[in-house]
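Structure file model_1.csv (CSV, C-alpha atoms) is printed below.
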```
chain,number,residue,atom,x,y,z
A,234,MET,CA,74.6,113.3,73.5
A,235,ASP,CA,77.2,110.4,73.6
A,236,VAL,CA,79.1,109.4,76.8
A,237,ILE,CA,82.2,111.4,75.8
A,238,ASP,CA,80.2,114.6,75.5
A,239,LYS,CA,78.4,113.8,78.8
A,240,ILE,CA,81.7,113.3,80.5
A,241,ARG,CA,83.2,116.6,79.2
A,242,LYS,CA,80.1,118.5,80.2
A,243,ARG,CA,80.0,116.8,83.6
A,244,LYS,CA,76.5,115.3,82.8
A,245,ALA,CA,77.5,111.7,83.0
A,246,VAL,CA,76.4,109.6,86.0
A,247,VAL,CA,79.3,107.5,87.3
A,248,ALA,CA,78.8,104.2,89.1
A,249,ILE,CA,81.7,102.9,91.1
A,250,ILE,CA,81.4,99.2,92.0
A,251,GLY,CA,83.3,98.4,95.1
A,252,ILE,CA,83.7,101.2,97.7
A,253,GLY,CA,86.8,100.0,99.5
A,254,TYR,CA,90.2,101.5,99.7
A,255,VAL,CA,90.3,102.0,95.9
A,256,GLY,CA,86.7,102.9,95.1
A,257,LEU,CA,86.0,105.3,97.9
A,258,PRO,CA,88.9,107.8,97.1
A,259,LEU,CA,88.0,107.5,93.5
A,260,ALA,CA,84.4,108.3,94.3
A,261,SER,CA,85.6,111.4,96.2
A,262,ALA,CA,87.8,112.6,93.3
A,263,ILE,CA,85.1,112.1,90.7
A,264,SER,CA,82.5,113.8,92.9
A,265,LYS,CA,84.8,116.8,93.4
A,266,ALA,CA,85.1,117.1,89.6
A,267,GLY,CA,81.3,117.8,89.5
A,268,PHE,CA,79.8,114.4,88.6
A,269,ARG,CA,76.9,112.6,90.2
A,270,VAL,CA,78.5,109.4,91.6
A,271,ILE,CA,76.8,106.3,92.8
A,272,GLY,CA,78.7,103.8,94.9
A,273,ILE,CA,77.7,100.1,94.7
A,274,ASP,CA,78.8,97.4,97.2
A,275,THR,CA,77.4,94.0,98.0
A,276,ASP,CA,78.5,94.4,101.7
A,277,SER,CA,75.4,96.0,103.3
A,278,GLY,CA,77.3,96.8,106.4
A,279,ARG,CA,79.9,98.7,104.5
A,280,VAL,CA,77.2,100.6,102.6
A,281,GLN,CA,75.5,101.6,105.9
A,282,ARG,CA,78.8,102.7,107.4
A,283,VAL,CA,79.5,104.9,104.4
A,284,ARG,CA,76.1,106.4,104.6
A,285,ASP,CA,76.6,107.2,108.3
A,286,ALA,CA,80.2,108.5,107.6
A,287,ILE,CA,81.6,105.7,109.9
A,288,SER,CA,85.1,104.4,108.9
A,289,ASN,CA,85.4,100.8,107.7
A,290,THR,CA,89.1,100.9,108.6
A,291,VAL,CA,90.3,99.6,111.9
A,292,GLY,CA,93.0,102.1,112.8
A,293,GLY,CA,96.4,101.6,111.3
A,294,THR,CA,99.0,104.1,110.0
A,295,ASN,CA,100.7,104.2,106.6
A,296,ILE,CA,104.1,102.8,107.6
A,297,SER,CA,105.7,104.1,104.3
A,298,SER,CA,105.5,107.6,105.7
A,299,ALA,CA,108.5,106.8,107.9
A,300,TYR,CA,110.5,106.4,104.7
A,301,THR,CA,109.0,109.2,102.5
A,302,GLY,CA,109.4,112.0,105.1
A,303,GLN,CA,105.7,112.9,105.1
A,304,SER,CA,103.7,113.2,108.2
A,305,PRO,CA,102.1,109.8,109.1
A,306,ARG,CA,98.4,109.8,109.0
A,307,SER,CA,96.0,107.2,110.4
A,308,LEU,CA,94.3,105.2,107.6
A,309,GLN,CA,91.1,105.6,109.7
A,310,ASP,CA,91.5,109.4,109.7
A,311,ASP,CA,92.2,109.3,106.0
A,312,GLU,CA,88.9,107.5,105.3
A,313,MET,CA,87.0,109.9,107.6
A,314,ILE,CA,88.3,112.9,105.6
A,315,ILE,CA,86.9,111.2,102.4
A,316,LEU,CA,83.6,110.3,104.0
A,317,ARG,CA,83.0,113.8,105.4
A,318,GLY,CA,83.7,115.3,102.0
A,319,LEU,CA,81.4,112.9,100.2
A,320,ALA,CA,78.6,113.8,102.6
A,321,GLU,CA,78.6,117.3,101.0
A,322,MET,CA,78.7,116.1,97.4
A,323,ASP,CA,76.3,114.5,94.9
A,324,PHE,CA,77.1,111.0,96.1
A,325,SER,CA,75.0,108.1,97.1
A,326,VAL,CA,75.7,104.5,97.9
A,327,THR,CA,73.6,101.3,97.5
A,328,THR,CA,73.7,97.5,97.3
A,329,GLU,CA,71.4,97.5,94.3
A,330,PHE,CA,72.9,97.0,90.8
A,331,ASP,CA,69.8,98.4,89.2
A,332,VAL,CA,71.3,101.9,89.5
A,333,LEU,CA,73.5,100.9,86.5
A,334,LYS,CA,70.4,101.4,84.3
A,335,GLU,CA,70.8,105.1,84.9
A,336,SER,CA,74.5,105.2,84.9
A,337,ASP,CA,76.6,106.3,81.9
A,338,VAL,CA,79.9,105.0,83.3
A,339,ALA,CA,80.7,101.9,85.4
A,340,ILE,CA,84.1,101.7,87.1
A,341,ILE,CA,85.0,98.2,88.6
A,342,CYS,CA,87.0,98.4,91.8
A,343,VAL,CA,86.4,95.0,93.3
A,344,PRO,CA,89.0,92.6,94.9
A,345,THR,CA,91.0,90.3,92.8
A,346,PRO,CA,92.7,87.9,95.4
A,347,LEU,CA,94.6,84.7,94.8
A,348,SER,CA,93.1,81.3,95.4
A,349,LYS,CA,94.8,78.8,97.8
A,350,THR,CA,96.8,77.5,94.8
A,351,LYS,CA,98.0,81.0,93.9
A,352,ASP,CA,95.7,81.2,90.9
A,353,PRO,CA,94.0,84.5,90.1
A,354,ASP,CA,90.4,84.7,91.5
A,355,LEU,CA,88.4,86.9,89.2
A,356,SER,CA,85.1,85.7,90.5
A,357,HIS,CA,84.2,89.2,91.8
A,358,VAL,CA,85.1,90.8,88.4
A,359,VAL,CA,83.1,88.1,86.5
A,360,LYS,CA,80.0,88.7,88.8
A,361,VAL,CA,80.1,92.4,88.3
A,362,ALA,CA,80.5,92.0,84.5
A,363,ASP,CA,77.4,89.9,84.5
A,364,GLU,CA,75.5,92.5,86.6
A,365,ILE,CA,76.5,95.2,84.1
A,366,ALA,CA,75.6,93.0,81.1
A,367,ASP,CA,72.1,92.4,82.6
A,368,ARG,CA,71.5,96.1,82.8
A,369,PHE,CA,73.4,97.1,79.7
A,370,HIS,CA,72.3,100.1,77.7
A,371,THR,CA,73.8,101.6,74.5
A,372,GLY,CA,76.6,104.1,75.0
A,373,MET,CA,77.9,102.8,78.4
A,374,LEU,CA,81.6,103.2,79.3
A,375,VAL,CA,83.0,100.4,81.5
A,376,VAL,CA,86.4,100.7,83.1
A,377,LEU,CA,88.2,98.0,85.0
A,378,GLU,CA,90.5,99.3,87.8
A,379,SER,CA,91.0,96.0,89.7
A,380,THR,CA,94.5,94.5,89.3
A,381,THR,CA,94.6,91.4,87.1
A,382,TYR,CA,96.6,89.5,84.5
A,383,PRO,CA,97.3,91.0,81.1
A,384,GLY,CA,94.4,90.2,78.7
A,385,SER,CA,91.7,90.1,81.4
A,386,THR,CA,89.7,93.1,80.2
A,387,GLU,CA,89.3,91.7,76.7
A,388,GLU,CA,89.1,88.0,77.6
A,389,VAL,CA,86.7,88.3,80.6
A,390,ILE,CA,84.6,91.5,80.3
A,391,LEU,CA,84.5,92.2,76.6
A,392,PRO,CA,82.6,88.9,75.6
A,393,LYS,CA,80.0,89.5,78.3
A,394,LEU,CA,79.3,93.1,77.1
A,395,SER,CA,79.5,92.2,73.4
A,396,ASP,CA,76.7,89.6,73.9
A,397,ALA,CA,74.7,91.5,76.6
A,398,LYS,CA,71.0,90.5,76.7
A,399,GLY,CA,71.6,88.0,73.9
A,400,GLN,CA,72.2,90.8,71.4
A,401,GLN,CA,75.5,91.4,69.6
A,402,ARG,CA,77.1,94.7,70.5
A,403,VAL,CA,80.1,96.4,68.9
A,404,VAL,CA,82.8,97.7,71.2
A,405,GLY,CA,83.8,101.2,70.3
A,406,ARG,CA,80.3,101.9,68.8
A,407,ASP,CA,77.6,100.5,71.1
A,408,PHE,CA,79.7,100.6,74.3
A,409,PHE,CA,83.2,101.6,75.4
A,410,LEU,CA,85.6,99.5,77.4
A,411,GLY,CA,89.0,100.1,79.0
A,412,PHE,CA,91.4,99.5,81.8
A,413,SER,CA,93.1,101.9,84.1
A,414,PRO,CA,95.1,100.5,87.0
A,415,GLU,CA,94.6,102.0,90.5
A,416,ARG,CA,97.5,103.7,92.1
A,417,ILE,CA,96.1,104.2,95.6
A,418,ASP,CA,98.5,104.3,98.5
A,419,PRO,CA,96.2,104.7,101.5
A,420,GLY,CA,97.2,107.2,104.2
A,421,ARG,CA,99.5,109.3,101.9
A,422,ASN,CA,98.8,113.0,101.6
A,423,ASP,CA,101.6,113.8,99.1
A,424,TRP,CA,100.5,111.6,96.2
A,425,THR,CA,96.8,111.5,95.6
A,426,ILE,CA,94.5,110.7,92.7
A,427,ALA,CA,94.7,114.3,91.6
A,428,ASN,CA,98.5,114.5,91.1
A,429,THR,CA,99.4,110.8,90.4
A,430,PRO,CA,99.6,110.1,86.6
A,431,LYS,CA,96.8,107.8,85.4
A,432,VAL,CA,97.6,105.1,82.9
A,433,VAL,CA,94.7,104.3,80.6
A,434,GLY,CA,94.1,101.8,77.8
A,435,GLY,CA,91.1,101.3,75.6
A,436,VAL,CA,89.9,98.3,73.5
A,437,THR,CA,89.5,100.7,70.5
A,438,SER,CA,90.6,104.2,69.7
A,439,ARG,CA,87.2,105.5,70.5
A,440,CYS,CA,87.2,103.6,73.8
A,441,LEU,CA,90.6,105.1,74.7
A,442,GLU,CA,89.1,108.6,74.0
A,443,ALA,CA,86.2,107.9,76.4
A,444,VAL,CA,88.5,106.6,79.2
A,445,GLU,CA,90.9,109.5,78.7
A,446,SER,CA,88.0,112.1,78.9
A,447,LEU,CA,86.9,110.6,82.2
A,448,TYR,CA,90.2,110.6,84.0
A,449,GLU,CA,91.3,114.0,82.5
A,450,SER,CA,88.5,115.4,84.6
A,451,VAL,CA,90.0,114.2,87.9
A,452,THR,CA,93.8,113.9,87.5
A,453,ASP,CA,96.5,116.2,86.3
A,454,GLN,CA,98.2,113.8,83.9
A,455,VAL,CA,96.7,110.9,81.9
A,456,VAL,CA,99.1,108.5,80.2
A,457,PRO,CA,97.4,106.7,77.3
A,458,VAL,CA,98.8,103.3,76.1
A,459,SER,CA,98.0,101.2,73.1
A,460,SER,CA,95.8,98.6,74.7
A,461,PRO,CA,94.2,97.4,78.0
A,462,ALA,CA,96.8,94.6,78.1
A,463,VAL,CA,99.7,97.2,78.2
A,464,ALA,CA,98.0,99.0,81.0
A,465,GLU,CA,97.4,95.7,82.9
A,466,MET,CA,101.0,94.8,82.4
A,467,ALA,CA,102.2,98.2,83.6
A,468,LYS,CA,100.5,97.7,86.9
A,469,LEU,CA,102.0,94.3,87.4
A,470,LEU,CA,105.5,95.7,86.5
A,471,GLU,CA,105.1,98.4,89.2
A,472,ASN,CA,104.3,96.0,91.9
A,473,THR,CA,106.6,93.3,90.8
A,474,PHE,CA,109.4,95.9,90.9
A,475,ARG,CA,108.5,96.6,94.5
A,476,ALA,CA,108.2,92.9,95.5
A,477,THR,CA,111.5,91.9,93.9
A,478,ASN,CA,113.4,94.9,95.4
A,479,ILE,CA,111.9,94.2,98.8
A,480,ALA,CA,113.1,90.6,98.4
A,481,LEU,CA,116.6,91.8,97.5
A,482,VAL,CA,116.9,94.0,100.5
A,483,ASN,CA,115.4,91.3,102.7
A,484,GLU,CA,118.2,89.0,101.5
A,485,ILE,CA,120.8,91.7,102.0
A,486,SER,CA,119.5,92.0,105.6
A,487,LEU,CA,120.0,88.2,106.0
A,488,MET,CA,123.5,88.5,104.7
A,489,CYS,CA,124.3,91.4,107.0
A,490,ASP,CA,122.9,89.5,109.9
A,491,ARG,CA,125.4,86.7,109.3
A,492,LEU,CA,128.2,89.2,108.6
A,493,GLY,CA,127.5,91.1,111.8
A,494,ILE,CA,126.8,94.3,109.9
A,495,ASP,CA,124.0,96.8,110.6
A,496,VAL,CA,121.8,96.6,107.5
A,497,TRP,CA,120.2,100.0,108.3
A,498,GLU,CA,123.5,101.7,108.3
A,499,VAL,CA,124.4,100.1,105.0
A,500,ILE,CA,121.1,101.4,103.4
A,501,ASP,CA,121.6,104.9,104.8
A,502,ALA,CA,125.1,105.0,103.3
A,503,ALA,CA,124.0,103.6,99.9
A,504,LYS,CA,121.1,106.0,99.5
A,505,THR,CA,123.5,109.0,99.6
A,506,LYS,CA,124.3,108.1,96.0
A,507,PRO,CA,122.3,110.5,93.9
A,508,PHE,CA,121.9,108.2,90.9
A,509,GLY,CA,121.5,104.5,90.2
A,510,PHE,CA,120.1,103.5,93.6
A,511,MET,CA,116.7,103.6,95.2
A,512,PRO,CA,116.4,102.6,98.9
A,513,PHE,CA,114.2,99.7,99.9
A,514,TYR,CA,113.9,98.5,103.5
A,515,PRO,CA,113.8,95.0,105.1
A,516,GLY,CA,110.8,93.9,107.0
A,517,PRO,CA,108.9,90.9,108.4
A,518,GLY,CA,107.5,89.9,105.0
A,519,LEU,CA,105.0,91.4,102.6
A,520,GLY,CA,101.8,93.0,103.6
A,521,GLY,CA,98.9,94.9,102.1
A,522,HIS,CA,96.5,94.1,99.2
A,523,CYS,CA,98.9,94.4,96.3
A,524,ILE,CA,102.5,93.5,96.7
A,525,PRO,CA,102.1,89.9,97.9
A,526,VAL,CA,99.5,89.2,95.2
A,527,ASP,CA,100.1,91.1,92.0
A,528,PRO,CA,103.3,89.4,90.9
A,529,GLN,CA,101.6,86.1,91.2
A,530,PHE,CA,99.1,87.2,88.5
A,531,LEU,CA,102.0,87.6,86.1
A,532,ALA,CA,103.6,84.4,87.1
A,533,TRP,CA,100.3,82.5,86.6
A,534,LYS,CA,99.7,84.0,83.2
A,535,LEU,CA,103.2,83.1,82.1
A,536,LYS,CA,102.9,79.6,83.4
A,537,GLU,CA,100.0,79.2,81.0
A,538,LEU,CA,102.4,80.2,78.2
A,539,ASN,CA,105.0,77.6,79.4
A,540,TYR,CA,107.3,80.2,80.9
A,541,ASP,CA,108.7,80.0,84.5
A,542,ALA,CA,108.9,83.5,86.1
A,543,ARG,CA,112.0,82.6,88.0
A,544,PHE,CA,112.7,86.1,89.5
A,545,ILE,CA,109.2,86.3,90.9
A,546,ARG,CA,109.4,82.8,92.3
A,547,LEU,CA,112.7,83.5,94.1
A,548,ALA,CA,111.5,86.8,95.4
A,549,THR,CA,108.4,85.1,96.8
A,550,GLU,CA,110.5,82.5,98.5
A,551,ILE,CA,112.7,85.1,100.2
A,552,ASN,CA,109.8,87.3,101.3
A,553,MET,CA,107.8,84.3,102.6
A,554,GLU,CA,110.8,83.3,104.8
A,555,MET,CA,111.1,86.7,106.5
A,556,PRO,CA,108.4,86.1,109.2
A,557,ASN,CA,110.3,83.0,110.4
A,558,HIS,CA,113.6,85.0,110.4
A,559,VAL,CA,112.0,87.8,112.5
A,560,LEU,CA,110.6,85.2,114.9
A,561,ARG,CA,114.0,83.7,115.3
A,562,LYS,CA,115.6,87.1,116.0
A,563,VAL,CA,112.9,87.9,118.6
A,564,ASP,CA,113.5,84.6,120.3
A,565,GLU,CA,117.3,85.1,120.2
A,566,THR,CA,117.0,88.6,121.6
A,567,LEU,CA,114.7,87.6,124.4
A,568,ARG,CA,117.0,84.7,125.4
A,569,GLN,CA,119.9,87.2,125.6
A,570,ALA,CA,117.8,89.2,128.0
A,571,GLY,CA,117.1,86.1,130.1
A,572,LYS,CA,113.4,85.9,129.0
A,573,SER,CA,111.3,83.1,127.4
A,574,LEU,CA,109.3,83.7,124.2
A,575,VAL,CA,106.4,81.8,125.8
A,576,ASN,CA,105.9,84.3,128.7
A,577,ALA,CA,107.0,87.5,126.9
A,578,ASN,CA,104.7,90.3,125.8
```
Mind turning this structure into structure tokens?
Amino acid sequence: MDVIDKIRKRKAVVAIIGIGYVGLPLASAISKAGFRVIGIDTDSGRVQRVRDAISNTVGGTNISSAYTGQSPRSLQDDEMIILRGLAEMDFSVTTEFDVLKESDVAIICVPTPLSKTKDPDLSHVVKVADEIADRFHTGMLVVLESTTYPGSTEEVILPKLSDAKGQQRVVGRDFFLGFSPERIDPGRNDWTIANTPKVVGGVTSRCLEAVESLYESVTDQVVPVSSPAVAEMAKLLENTFRATNIALVNEISLMCDRLGIDVWEVIDAAKTKPFGFMPFYPGPGLGGHCIPVDPQFLAWKLKELNYDARFIRLATEINMEMPNHVLRKVDETLRQAGKSLVNAN
């Protein structure tokens, strides 16, 4: 029985590497679909907390709920709901990569941060690819979900698996490889893994079939694309769209401040237009795991190709200036109230 048949019959064992804000909800969704799921994480403390159903999140609420109209939910509460559910499913968690020897599917959900020079740091992905290659067995399906630059799946992971254990393996025959970008928005209860369309790309047509069969079991709509690079680029487009539009509205807020106009009233008026406009909101800069980072992957890749991603560079400059702007506004407001920034709380 090949991996596609195993997936369709819910006989496949699925290993999820990285059980953070992406891997944990994915483990929950795949477990609910009837698969045996094994979570792997090198953080022994995190592993123990998951076993004990203790949240790894330190409070916090999804601020976007204020703009979507949904009821805000604590990120900690959100994680506890997942942990309690996993405790009742065929799910286990470990720090040992040897469980890959009995796994049919390996999904990589590890961090891909930026270095101090804003270069992509794929060291976690590389390490995991090496761990999988060391425990390679014929017929495995490997899926990368970690956000990265276009071409990463085939440039970084494919060579390691093709030469696993010093033997030449043929992708699409001896193993299957694909990319499917995560679309997790922690704390939301309106858009989940189940009802958020899942983009998938495979190195070969057979790889694509394997990746599709996996995600068709957990989500309502799978969106196949022609290659992993297209799927990788789609993810970067999604988050670059957000980063640049946030930068635009942040600059509009700076303009409104100088013009003496209430930017919030302006946005409320503009968003009554039923077409051609989508509201974004100003803030003290960019936060989270994705929006400040992902556009830089694209800019870095294009720099390699001697292209300057000017729009991304300008958006980054504007967003990076917002903390200073907010600090100046706080200082100004306190002074108007006859208070000093030093002694304020």
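Closest approach to A:Ala262 from the set A:Asp331, A:Asp490, A:Asp541, A:Glu449 is made by A:Glu449, with distances taken over only C-alpha atoms.
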_Set the distance at 6 Å and use all atoms listed in the file: which residues neighbour A:Val247 once local chain neighbours fewer than 3 positions away are removed? I'd like the list as a PyMOL selection string._
chain A and resi 270+336+338
_Which residues are near A:Ala443? Cut-off 12 Å, only C-alpha atoms, ignore same chain within fewer than 5 positions. Put them as an MDAnalysis selection string._
chainID A and resid 235:241 245 337:338 372:376 404:406 408:413 433:438 448:450 457
Output C-alpha atoms of each residue in that selection to a file, as a PDB file, in the coordinates of the input.
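Saved as part.pdb:
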```pdb
ATOM      1  CA  ASP A 235      77.200 110.400  73.600  1.00  0.00           C
ATOM      2  CA  VAL A 236      79.100 109.400  76.800  1.00  0.00           C
ATOM      3  CA  ILE A 237      82.200 111.400  75.800  1.00  0.00           C
ATOM      4  CA  ASP A 238      80.200 114.600  75.500  1.00  0.00           C
ATOM      5  CA  LYS A 239      78.400 113.800  78.800  1.00  0.00           C
ATOM      6  CA  ILE A 240      81.700 113.300  80.500  1.00  0.00           C
ATOM      7  CA  ARG A 241      83.200 116.600  79.200  1.00  0.00           C
ATOM      8  CA  ALA A 245      77.500 111.700  83.000  1.00  0.00           C
ATOM      9  CA  ASP A 337      76.600 106.300  81.900  1.00  0.00           C
ATOM     10  CA  VAL A 338      79.900 105.000  83.300  1.00  0.00           C
ATOM     11  CA  GLY A 372      76.600 104.100  75.000  1.00  0.00           C
ATOM     12  CA  MET A 373      77.900 102.800  78.400  1.00  0.00           C
ATOM     13  CA  LEU A 374      81.600 103.200  79.300  1.00  0.00           C
ATOM     14  CA  VAL A 375      83.000 100.400  81.500  1.00  0.00           C
ATOM     15  CA  VAL A 376      86.400 100.700  83.100  1.00  0.00           C
ATOM     16  CA  VAL A 404      82.800  97.700  71.200  1.00  0.00           C
ATOM     17  CA  GLY A 405      83.800 101.200  70.300  1.00  0.00           C
ATOM     18  CA  ARG A 406      80.300 101.900  68.800  1.00  0.00           C
ATOM     19  CA  PHE A 408      79.700 100.600  74.300  1.00  0.00           C
ATOM     20  CA  PHE A 409      83.200 101.600  75.400  1.00  0.00           C
ATOM     21  CA  LEU A 410      85.600  99.500  77.400  1.00  0.00           C
ATOM     22  CA  GLY A 411      89.000 100.100  79.000  1.00  0.00           C
ATOM     23  CA  PHE A 412      91.400  99.500  81.800  1.00  0.00           C
ATOM     24  CA  SER A 413      93.100 101.900  84.100  1.00  0.00           C
ATOM     25  CA  VAL A 433      94.700 104.300  80.600  1.00  0.00           C
ATOM     26  CA  GLY A 434      94.100 101.800  77.800  1.00  0.00           C
ATOM     27  CA  GLY A 435      91.100 101.300  75.600  1.00  0.00           C
ATOM     28  CA  VAL A 436      89.900  98.300  73.500  1.00  0.00           C
ATOM     29  CA  THR A 437      89.500 100.700  70.500  1.00  0.00           C
ATOM     30  CA  SER A 438      90.600 104.200  69.700  1.00  0.00           C
ATOM     31  CA  TYR A 448      90.200 110.600  84.000  1.00  0.00           C
ATOM     32  CA  GLU A 449      91.300 114.000  82.500  1.00  0.00           C
ATOM     33  CA  SER A 450      88.500 115.400  84.600  1.00  0.00           C
ATOM     34  CA  PRO A 457      97.400 106.700  77.300  1.00  0.00           C
TER      35      PRO A 457
END
```
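With distances restricted to all atoms listed in the file, A:Leu469 is the closest residue to A:Ala532 from A:Val255, A:Ile479, A:Leu469, A:Ile273.
Across the model, the gap from atom CA of A:Thr350 to atom CA of A:Ser460 is 29.2 Å.
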*asked:* I'd like the contact shell of A:Val389 - 9 Å cut-off, all atoms listed in the file, skipping same-chain residues fewer than 5 positions apart - returned as a ChimeraX atom specification.
replied: /A:355,358-359,362,384
*To one decimal in Å, tell me the separation between atom CA of A:Ala464 and atom CA of A:Pro430.*
12.5 Å
*Go ahead and find all residues with at least one atom no further than 8 Å from (73.7, 106.6, 93.1) in the file's coordinates, using only C-alpha atoms; report them as a PyMOL selection string.*
chain A and resi 248+269-273+324-327+332
*Tell me which protein, DNA and RNA residues are within 9 Å of stretch 550-564 of chain A, counting all atoms listed in the file, leaving out same-chain ones fewer than 5 positions away, and put them as a list in words.*
Ala476, Thr477, Ile479, Ala480, Leu481, Asn483, Glu484, Leu487, Pro515, Gly516, Pro517, Gly518, Leu519, Pro525, Ile545, Gln569, Lys572, Ser573 and Leu574 of chain A
